[in-house]
Amino acid sequence: MSAPTHIPVLLQETIEALAVQPGGRYIDCTLGAGGHAAAILDRSSPGGQLLGIDADPEVIEIAKARLEAYSSSILLVNENFINLEAICIKYDFLPVHGILFDLGLSSLQLNNQGRGFSFQHDAPLDMRLSPSQDVTAADIINTSSEAELAHLIKTYGEEARSHQIARRVVQERPINTSLQLVQAIEQAVGRRRGRLHPATRTFQALRIAVNHELEHLEAALKQAINLLGYEGRLVVISYHSLEDRIVKQLMQQESKDCICPPGVPTCVCGHKACLRLINKRVITPSPTEVQLNPRSRSAKLRAAERLITQDEYYRSAEEHSFSAQLNAEGWRRPALLKKLRVAFAML
Ligand SMILES: C[S@@+](CC[C@H](N)C(=O)[O-])C[C@H]1O[C@@H](n2cnc3c(N)ncnc32)[C@H](O)[C@@H]1O
């Protein structure tokens with residue numbers, strides 16, 4: 001991959017939603033080319049710290065070069081964000097003021113002609129974010145039954161013609177390159193008619209399946225909530241409805257005190273809200289941003305703030321033995337931090 005060309009999406013809106021402050025501690029779970037990370041580091045200076053995570057080792061190298069000027073304030077980790085909590089414990093990086101997920105792929109990956117993410121370049125059908133993963137898109141295409149493929153393409157691609165595509169793919173196997181797959185899809189459903197290329201949804205479905213994107217997102221968001229300190233912010237930018245549904249449902253659920261099914265006369269769930277929604281309505285790019293960066297057009301930003309009482313905060317800190325917490329500087333409520341220090345000193 002050559003020089004960074006990824007344009008960060010909803011950049012200003014992200015910085016505002018994260019409420020980035022000098023001296024704050026932030027996690028970018030999807031570092032990519034480091035565009036959002038650089039803006040967070042600028043805004044959190046002096047004293048800000050950033051933990052940047054990306055599953056793709058090539059991307060981490062690019063971000064490292066781009067963020068060289070901030071090297072004393074950053075920690076970059078080549079890992080999958082499914083391990084978010086373990087990473088924070090390992091590097092003693094918690095609690096944090098804000099966590100960002102800017103989902104999907106960067107332009108660097110989509111333009112990379114060797115990974116098979118895009119139907120616009122002929123490449124081996126790989127689609128793994130990291131070479132350490134076992135299963136490639138070609139493995140799924142060549143070993144799944146027709147019914148399994150149809151189900152996958154329908155569920156993860158929301159593709160109405162999944163059965164026709166799956167049937168043709170099975171007839172054309174083995175399929176080992178992106179171009180072979182595009183040809184099979186076009187033979188099944190014809191060439192482009194509308195705005196969307198006929199292979200778009202199938203490629204999305206395969207990428208989601210190869211990288212367990214939806215399961216990992218849900219699990220990582222739950223971990224992220226627990227890593228946020230007092231009034232810490234969680235910001236998620238998603239690019240398709242399946243991702244956005246997970247983010248929306250989790251944020252809505254965690255911002256309610258009761259999640260009993262409708263019709264239950266008195267609450268039996270005992271659920272307590274742990275988030276406050278920052279933006280009731282989803283934030284989307286302005287027409288100007290979409291014009292400047294067409295890849296931003298499907299972006300949806302949702303943000304929430306952690307609600308946590310002092311008792312809960314002590315308890316979770318005890319559970320995780322947050323040693324860094326005792327040294328945390330620049331917390332949003334210095335008075336609270338002082339109380340916490342006293343409380344921990346007495347443990
Ligand atoms: C849209 S890009 C982020 C771009 C970045 N915000 C910027 O401004 O340059 C998404 C990044 O998340 C990474 N990614 C996607 N899923 C991941 C996961 N489960 N764990 C870690 N990184 C992931 C991808 O490799 C990609 O680099």
# chains A, B, ... in the order shown; residues from 1 in each chain; ligands from 1
>>> closest_atom_pairs(of="chain A", to="ligand 1", cutoff="8 Å", atoms="only C-alpha atoms and all ligand atoms", output="tab-separated table")
residue	atom	partner	partner_atom_place_in_ligand_line	distance
A:His6	CA	ligand 1	9 (O)	5.7
A:Ile7	CA	ligand 1	8 (O)	6.4
A:Pro8	CA	ligand 1	8 (O)	3.9
A:Val9	CA	ligand 1	8 (O)	6.8
A:Leu11	CA	ligand 1	8 (O)	7.9
A:Asp28	CA	ligand 1	6 (N)	7.6
A:Cys29	CA	ligand 1	21 (C)	6.1
A:Thr30	CA	ligand 1	12 (O)	3.6
A:Leu31	CA	ligand 1	5 (C)	5.0
A:Gly32	CA	ligand 1	27 (O)	3.4
A:Ala33	CA	ligand 1	9 (O)	3.5
A:Gly34	CA	ligand 1	9 (O)	4.1
A:Gly35	CA	ligand 1	8 (O)	3.4
A:His36	CA	ligand 1	8 (O)	4.2
A:Ala37	CA	ligand 1	8 (O)	6.6
A:Ile53	CA	ligand 1	21 (C)	5.8
A:Asp54	CA	ligand 1	22 (N)	3.6
A:Ala55	CA	ligand 1	21 (C)	3.9
A:Asp56	CA	ligand 1	25 (O)	4.8
A:Val59	CA	ligand 1	27 (O)	5.8
A:Ile60	CA	ligand 1	27 (O)	7.9
A:Ala63	CA	ligand 1	9 (O)	7.9
A:Asn78	CA	ligand 1	21 (C)	7.6
A:Glu79	CA	ligand 1	21 (C)	5.9
A:Asn80	CA	ligand 1	20 (N)	3.5
A:Phe81	CA	ligand 1	20 (N)	3.9
A:Ile82	CA	ligand 1	19 (N)	6.0
A:Phe101	CA	ligand 1	6 (N)	7.6
A:Asp102	CA	ligand 1	3 (C)	5.1
A:Leu103	CA	ligand 1	10 (C)	4.9
A:Gly104	CA	ligand 1	10 (C)	4.8
A:Leu105	CA	ligand 1	10 (C)	4.3
A:Ser106	CA	ligand 1	2 (S)	3.9
A:Ser107	CA	ligand 1	1 (C)	7.5
A:Leu108	CA	ligand 1	27 (O)	7.9
A:Gln109	CA	ligand 1	27 (O)	7.2
A:Leu129	CA	ligand 1	25 (O)	5.7
A:Asn211	CA	ligand 1	19 (N)	7.2
A:His212	CA	ligand 1	19 (N)	7.9
A:Glu213	CA	ligand 1	19 (N)	6.3
A:His216	CA	ligand 1	19 (N)	6.0
A:Leu217	CA	ligand 1	19 (N)	6.9
>>> select_by_dssp(residues="segment 55-180 of chain A", states="strand (DSSP E or B)", output="JSON, numbers by chain")
{"A": [74, 75, 76, 77, 78, 96, 97, 98, 99, 100, 101, 102, 124, 177]}
>>> write_last_selection(atoms="N, CA and C atoms", output="short mmCIF file (atom, residue, chain, number, x, y, z; two decimals), in the first residue's frame")
data_model
loop_
_atom_site.label_atom_id
_atom_site.label_comp_id
_atom_site.auth_asym_id
_atom_site.auth_seq_id
_atom_site.Cartn_x
_atom_site.Cartn_y
_atom_site.Cartn_z
N ILE A 74 1.20 7.95 21.92
CA ILE A 74 0.38 6.88 21.33
C ILE A 74 0.93 5.49 21.62
N LEU A 75 -0.01 4.56 21.60
CA LEU A 75 0.33 3.15 21.72
C LEU A 75 -0.46 2.47 20.61
N LEU A 76 0.22 1.85 19.66
CA LEU A 76 -0.49 1.23 18.54
C LEU A 76 -0.40 -0.29 18.64
N VAL A 77 -1.54 -0.92 18.51
CA VAL A 77 -1.59 -2.37 18.74
C VAL A 77 -2.26 -3.05 17.55
N ASN A 78 -1.57 -4.02 16.99
CA ASN A 78 -2.13 -4.80 15.87
C ASN A 78 -2.93 -5.96 16.44
N VAL A 96 -11.03 5.12 30.34
CA VAL A 96 -10.75 6.10 29.29
C VAL A 96 -11.88 7.12 29.16
N HIS A 97 -11.53 8.24 28.55
CA HIS A 97 -12.51 9.31 28.35
C HIS A 97 -13.37 9.09 27.12
N GLY A 98 -12.84 8.35 26.16
CA GLY A 98 -13.62 8.17 24.95
C GLY A 98 -13.12 7.01 24.12
N ILE A 99 -14.08 6.34 23.45
CA ILE A 99 -13.73 5.20 22.58
C ILE A 99 -14.43 5.40 21.25
N LEU A 100 -13.65 5.24 20.18
CA LEU A 100 -14.20 5.41 18.83
C LEU A 100 -14.14 4.11 18.04
N PHE A 101 -15.24 3.81 17.34
CA PHE A 101 -15.26 2.75 16.33
C PHE A 101 -15.69 3.41 15.01
N ASP A 102 -14.81 3.36 14.02
CA ASP A 102 -15.16 3.86 12.68
C ASP A 102 -15.10 2.61 11.80
N PRO A 124 -6.93 -12.45 -5.55
CA PRO A 124 -7.39 -13.67 -4.86
C PRO A 124 -8.51 -13.32 -3.88
N THR A 177 -10.96 -16.05 -7.48
CA THR A 177 -10.60 -14.62 -7.59
C THR A 177 -11.86 -13.77 -7.57
#
>>> atom_distance(atom1="atom CA of Glu231 of chain A", atom2="atom CA of Glu305 of chain A")
5.5 Å
>>> residues_around(residues="Leu275 of chain A", least_positions_apart="5", cutoff="9 Å", atoms="only C-alpha atoms", output="ChimeraX atom specification")
/A:225,231,251-256,304-308
>>> residues_around(residues="Thr136 of chain A", least_positions_apart="5", cutoff="8 Å", atoms="only C-alpha atoms", output="PDB file with all heavy atoms, in the first residue's frame")
ATOM      1  N   LEU A 125      -9.500 -14.191  -3.774  1.00  0.00           N
ATOM      2  CA  LEU A 125     -10.645 -13.921  -2.888  1.00  0.00           C
ATOM      3  C   LEU A 125     -10.231 -14.201  -1.453  1.00  0.00           C
ATOM      4  O   LEU A 125     -10.458 -15.288  -0.937  1.00  0.00           O
ATOM      5  CB  LEU A 125     -11.801 -14.851  -3.249  1.00  0.00           C
ATOM      6  CG  LEU A 125     -12.918 -14.323  -4.092  1.00  0.00           C
ATOM      7  CD1 LEU A 125     -14.030 -15.367  -4.146  1.00  0.00           C
ATOM      8  CD2 LEU A 125     -13.468 -13.003  -3.567  1.00  0.00           C
ATOM      9  N   ASP A 126      -9.627 -13.215  -0.825  1.00  0.00           N
ATOM     10  CA  ASP A 126      -9.099 -13.404   0.524  1.00  0.00           C
ATOM     11  C   ASP A 126     -10.045 -12.745   1.537  1.00  0.00           C
ATOM     12  O   ASP A 126     -10.779 -13.392   2.266  1.00  0.00           O
ATOM     13  CB  ASP A 126      -7.678 -12.808   0.582  1.00  0.00           C
ATOM     14  CG  ASP A 126      -6.986 -13.083   1.892  1.00  0.00           C
ATOM     15  OD1 ASP A 126      -7.667 -13.102   2.931  1.00  0.00           O
ATOM     16  OD2 ASP A 126      -5.761 -13.272   1.907  1.00  0.00           O
ATOM     17  N   MET A 127     -10.026 -11.433   1.590  1.00  0.00           N
ATOM     18  CA  MET A 127     -10.917 -10.610   2.437  1.00  0.00           C
ATOM     19  C   MET A 127     -10.637 -10.703   3.923  1.00  0.00           C
ATOM     20  O   MET A 127     -11.427 -10.199   4.717  1.00  0.00           O
ATOM     21  CB  MET A 127     -12.409 -10.929   2.211  1.00  0.00           C
ATOM     22  CG  MET A 127     -12.899 -10.612   0.828  1.00  0.00           C
ATOM     23  SD  MET A 127     -14.699 -10.483   0.824  1.00  0.00           S
ATOM     24  CE  MET A 127     -15.012 -10.427  -0.922  1.00  0.00           C
ATOM     25  N   ARG A 128      -9.554 -11.347   4.339  1.00  0.00           N
ATOM     26  CA  ARG A 128      -9.252 -11.358   5.777  1.00  0.00           C
ATOM     27  C   ARG A 128      -8.643 -10.020   6.172  1.00  0.00           C
ATOM     28  O   ARG A 128      -7.787  -9.491   5.464  1.00  0.00           O
ATOM     29  CB  ARG A 128      -8.262 -12.479   6.113  1.00  0.00           C
ATOM     30  CG  ARG A 128      -8.819 -13.864   5.977  1.00  0.00           C
ATOM     31  CD  ARG A 128      -7.727 -14.899   6.085  1.00  0.00           C
ATOM     32  NE  ARG A 128      -6.713 -14.738   5.044  1.00  0.00           N
ATOM     33  CZ  ARG A 128      -5.561 -15.388   5.014  1.00  0.00           C
ATOM     34  NH1 ARG A 128      -5.256 -16.235   5.967  1.00  0.00           N
ATOM     35  NH2 ARG A 128      -4.701 -15.180   4.031  1.00  0.00           N
ATOM     36  N   VAL A 210     -16.323 -13.564   6.713  1.00  0.00           N
ATOM     37  CA  VAL A 210     -14.897 -13.911   6.904  1.00  0.00           C
ATOM     38  C   VAL A 210     -14.380 -13.313   8.207  1.00  0.00           C
ATOM     39  O   VAL A 210     -13.632 -13.949   8.948  1.00  0.00           O
ATOM     40  CB  VAL A 210     -14.057 -13.386   5.706  1.00  0.00           C
ATOM     41  CG1 VAL A 210     -12.561 -13.438   6.013  1.00  0.00           C
ATOM     42  CG2 VAL A 210     -14.362 -14.188   4.453  1.00  0.00           C
TER      43      VAL A 210
END
>>> residues_around(residues="Gly190 of chain A", least_positions_apart="5", cutoff="12 Å", atoms="only C-alpha atoms", output="PDB file with N, CA, C and O atoms, in the first residue's frame")
ATOM      1  N   ARG A 161     -31.706 -11.445  -4.305  1.00  0.00           N
ATOM      2  CA  ARG A 161     -31.535 -12.516  -5.290  1.00  0.00           C
ATOM      3  C   ARG A 161     -30.466 -13.522  -4.845  1.00  0.00           C
ATOM      4  O   ARG A 161     -29.721 -14.060  -5.657  1.00  0.00           O
ATOM      5  N   GLN A 164     -30.494 -17.138  -6.499  1.00  0.00           N
ATOM      6  CA  GLN A 164     -29.970 -17.198  -7.872  1.00  0.00           C
ATOM      7  C   GLN A 164     -28.442 -17.112  -7.857  1.00  0.00           C
ATOM      8  O   GLN A 164     -27.750 -17.848  -8.549  1.00  0.00           O
ATOM      9  N   ILE A 165     -27.925 -16.212  -7.018  1.00  0.00           N
ATOM     10  CA  ILE A 165     -26.466 -16.022  -6.974  1.00  0.00           C
ATOM     11  C   ILE A 165     -25.796 -17.284  -6.440  1.00  0.00           C
ATOM     12  O   ILE A 165     -24.832 -17.790  -7.014  1.00  0.00           O
ATOM     13  N   ARG A 168     -25.675 -20.155  -9.003  1.00  0.00           N
ATOM     14  CA  ARG A 168     -24.688 -19.941 -10.072  1.00  0.00           C
ATOM     15  C   ARG A 168     -23.254 -20.112  -9.550  1.00  0.00           C
ATOM     16  O   ARG A 168     -22.400 -20.702 -10.210  1.00  0.00           O
ATOM     17  N   VAL A 182     -17.376 -12.017  -9.518  1.00  0.00           N
ATOM     18  CA  VAL A 182     -18.201 -10.986 -10.169  1.00  0.00           C
ATOM     19  C   VAL A 182     -18.877 -11.574 -11.405  1.00  0.00           C
ATOM     20  O   VAL A 182     -20.080 -11.376 -11.632  1.00  0.00           O
ATOM     21  N   GLN A 183     -18.105 -12.352 -12.186  1.00  0.00           N
ATOM     22  CA  GLN A 183     -18.683 -12.918 -13.420  1.00  0.00           C
ATOM     23  C   GLN A 183     -19.832 -13.874 -13.091  1.00  0.00           C
ATOM     24  O   GLN A 183     -20.880 -13.844 -13.732  1.00  0.00           O
ATOM     25  N   ALA A 184     -19.642 -14.698 -12.040  1.00  0.00           N
ATOM     26  CA  ALA A 184     -20.713 -15.642 -11.665  1.00  0.00           C
ATOM     27  C   ALA A 184     -21.959 -14.864 -11.228  1.00  0.00           C
ATOM     28  O   ALA A 184     -23.092 -15.234 -11.577  1.00  0.00           O
ATOM     29  N   ILE A 185     -21.752 -13.779 -10.478  1.00  0.00           N
ATOM     30  CA  ILE A 185     -22.898 -12.987 -10.006  1.00  0.00           C
ATOM     31  C   ILE A 185     -23.607 -12.336 -11.198  1.00  0.00           C
ATOM     32  O   ILE A 185     -24.842 -12.358 -11.300  1.00  0.00           O
ATOM     33  N   HIS A 197     -23.708  -1.815  -7.949  1.00  0.00           N
ATOM     34  CA  HIS A 197     -23.171  -2.914  -8.757  1.00  0.00           C
ATOM     35  C   HIS A 197     -23.786  -4.222  -8.229  1.00  0.00           C
ATOM     36  O   HIS A 197     -23.947  -4.384  -7.016  1.00  0.00           O
ATOM     37  N   PRO A 198     -24.145  -5.169  -9.112  1.00  0.00           N
ATOM     38  CA  PRO A 198     -24.808  -6.401  -8.634  1.00  0.00           C
ATOM     39  C   PRO A 198     -23.966  -7.233  -7.655  1.00  0.00           C
ATOM     40  O   PRO A 198     -24.504  -8.066  -6.924  1.00  0.00           O
ATOM     41  N   ALA A 199     -22.637  -6.985  -7.626  1.00  0.00           N
ATOM     42  CA  ALA A 199     -21.788  -7.773  -6.713  1.00  0.00           C
ATOM     43  C   ALA A 199     -21.652  -7.117  -5.337  1.00  0.00           C
ATOM     44  O   ALA A 199     -21.130  -7.738  -4.405  1.00  0.00           O
TER      45      ALA A 199
END
>>> closest_residue(among="A:Leu10, A:Leu50, A:Glu218, A:His240", to="Gly23 of chain A", atoms="only C-alpha atoms")
A:Leu50
>>> residues_around(residues="Asp42 of chain A", least_positions_apart="2", cutoff="12 Å", atoms="only C-alpha atoms", output="number ranges by chain")
A: 15, 20-24, 35-40, 44-50, 67, 69-70, 73-74
>>> write_last_selection(atoms="N, CA and C atoms", output="mmCIF file, in the first residue's frame")
data_model
loop_
_atom_site.group_PDB
_atom_site.id
_atom_site.type_symbol
_atom_site.label_atom_id
_atom_site.label_comp_id
_atom_site.auth_asym_id
_atom_site.auth_seq_id
_atom_site.Cartn_x
_atom_site.Cartn_y
_atom_site.Cartn_z
ATOM 1 N N ILE A 15 -15.107 14.381 16.791
ATOM 2 C CA ILE A 15 -14.341 15.032 17.864
ATOM 3 C C ILE A 15 -15.310 15.653 18.874
ATOM 4 N N VAL A 20 -13.600 15.565 23.153
ATOM 5 C CA VAL A 20 -12.149 15.427 23.387
ATOM 6 C C VAL A 20 -11.638 16.617 24.194
ATOM 7 N N GLN A 21 -10.868 16.314 25.228
ATOM 8 C CA GLN A 21 -10.362 17.368 26.115
ATOM 9 C C GLN A 21 -8.853 17.204 26.355
ATOM 10 N N PRO A 22 -8.170 18.293 26.626
ATOM 11 C CA PRO A 22 -6.735 18.179 26.884
ATOM 12 C C PRO A 22 -6.476 17.213 28.035
ATOM 13 N N GLY A 23 -5.462 16.394 27.872
ATOM 14 C CA GLY A 23 -5.101 15.443 28.929
ATOM 15 C C GLY A 23 -5.948 14.195 28.948
ATOM 16 N N GLY A 24 -6.893 14.081 28.017
ATOM 17 C CA GLY A 24 -7.787 12.911 28.027
ATOM 18 C C GLY A 24 -7.122 11.666 27.464
ATOM 19 N N GLY A 35 -6.487 9.047 10.589
ATOM 20 C CA GLY A 35 -7.056 10.397 10.412
ATOM 21 C C GLY A 35 -7.805 10.877 11.654
ATOM 22 N N HIS A 36 -8.707 10.044 12.160
ATOM 23 C CA HIS A 36 -9.419 10.437 13.383
ATOM 24 C C HIS A 36 -8.436 10.503 14.551
ATOM 25 N N ALA A 37 -7.504 9.557 14.579
ATOM 26 C CA ALA A 37 -6.549 9.503 15.695
ATOM 27 C C ALA A 37 -5.740 10.791 15.771
ATOM 28 N N ALA A 38 -5.270 11.282 14.609
ATOM 29 C CA ALA A 38 -4.457 12.514 14.609
ATOM 30 C C ALA A 38 -5.278 13.680 15.159
ATOM 31 N N ALA A 39 -6.553 13.740 14.751
ATOM 32 C CA ALA A 39 -7.404 14.849 15.224
ATOM 33 C C ALA A 39 -7.648 14.730 16.731
ATOM 34 N N ILE A 40 -7.811 13.523 17.227
ATOM 35 C CA ILE A 40 -8.012 13.327 18.674
ATOM 36 C C ILE A 40 -6.750 13.755 19.419
ATOM 37 N N SER A 44 -6.508 16.699 22.147
ATOM 38 C CA SER A 44 -6.290 16.294 23.543
ATOM 39 C C SER A 44 -4.924 16.759 24.069
ATOM 40 N N SER A 45 -4.209 17.476 23.228
ATOM 41 C CA SER A 45 -2.914 18.011 23.658
ATOM 42 C C SER A 45 -3.150 19.243 24.550
ATOM 43 N N PRO A 46 -2.365 19.519 25.591
ATOM 44 C CA PRO A 46 -1.242 18.713 26.015
ATOM 45 C C PRO A 46 -1.693 17.565 26.923
ATOM 46 N N GLY A 47 -0.917 16.517 26.891
ATOM 47 C CA GLY A 47 -1.113 15.445 27.863
ATOM 48 C C GLY A 47 -2.031 14.336 27.428
ATOM 49 N N GLY A 48 -2.660 14.461 26.247
ATOM 50 C CA GLY A 48 -3.580 13.406 25.809
ATOM 51 C C GLY A 48 -2.837 12.124 25.455
ATOM 52 N N GLN A 49 -3.577 11.010 25.544
ATOM 53 C CA GLN A 49 -2.981 9.720 25.178
ATOM 54 C C GLN A 49 -3.958 8.966 24.291
ATOM 55 N N LEU A 50 -3.421 8.215 23.355
ATOM 56 C CA LEU A 50 -4.306 7.447 22.478
ATOM 57 C C LEU A 50 -3.798 6.025 22.292
ATOM 58 N N LEU A 67 1.562 8.881 12.241
ATOM 59 C CA LEU A 67 1.422 9.456 13.588
ATOM 60 C C LEU A 67 2.772 9.594 14.304
ATOM 61 N N ALA A 69 4.826 11.921 14.628
ATOM 62 C CA ALA A 69 5.018 13.158 15.399
ATOM 63 C C ALA A 69 4.400 13.055 16.799
ATOM 64 N N TYR A 70 3.497 12.101 16.992
ATOM 65 C CA TYR A 70 2.805 11.968 18.285
ATOM 66 C C TYR A 70 3.341 10.776 19.071
ATOM 67 N N SER A 73 2.788 9.992 22.689
ATOM 68 C CA SER A 73 1.424 9.974 23.239
ATOM 69 C C SER A 73 0.594 8.806 22.733
ATOM 70 N N ILE A 74 1.204 7.949 21.916
ATOM 71 C CA ILE A 74 0.379 6.877 21.334
ATOM 72 C C ILE A 74 0.930 5.486 21.624
#
>>> closest_residue(among="A:Glu16, A:Lys280, A:Phe203, A:Ser71", to="Leu110 of chain A", atoms="only C-alpha atoms")
A:Phe203
>>> residues_around(residues="Gly157 of chain A", least_positions_apart="6", cutoff="6 Å", atoms="only C-alpha atoms", output="VMD selection string")
chain A and resid 201 to 202 204 to 205
>>> select_by_dssp(residues="segment 9-147 of chain A", states="helix (DSSP H, G or I)", output="JSON, numbers by chain")
{"A": [11, 12, 13, 14, 15, 16, 17, 18, 35, 36, 37, 38, 39, 40, 41, 42, 43, 57, 58, 59, 60, 61, 62, 63, 64, 65, 66, 68, 69, 70, 71, 72, 73, 81, 82, 83, 84, 85, 86, 87, 88, 89, 90, 107, 108, 109, 110, 111, 137, 138, 139, 140, 141, 142, 143, 146, 147]}
>>> closest_residue(among="A:Ser162, A:Thr288, A:Gln171, A:Ser72", to="Leu149 of chain A", atoms="only C-alpha atoms")
A:Ser162
>>> closest_residue(among="A:Leu181, A:Leu84, A:Ala17, A:Val135", to="Gly116 of chain A", atoms="only C-alpha atoms")
A:Leu181
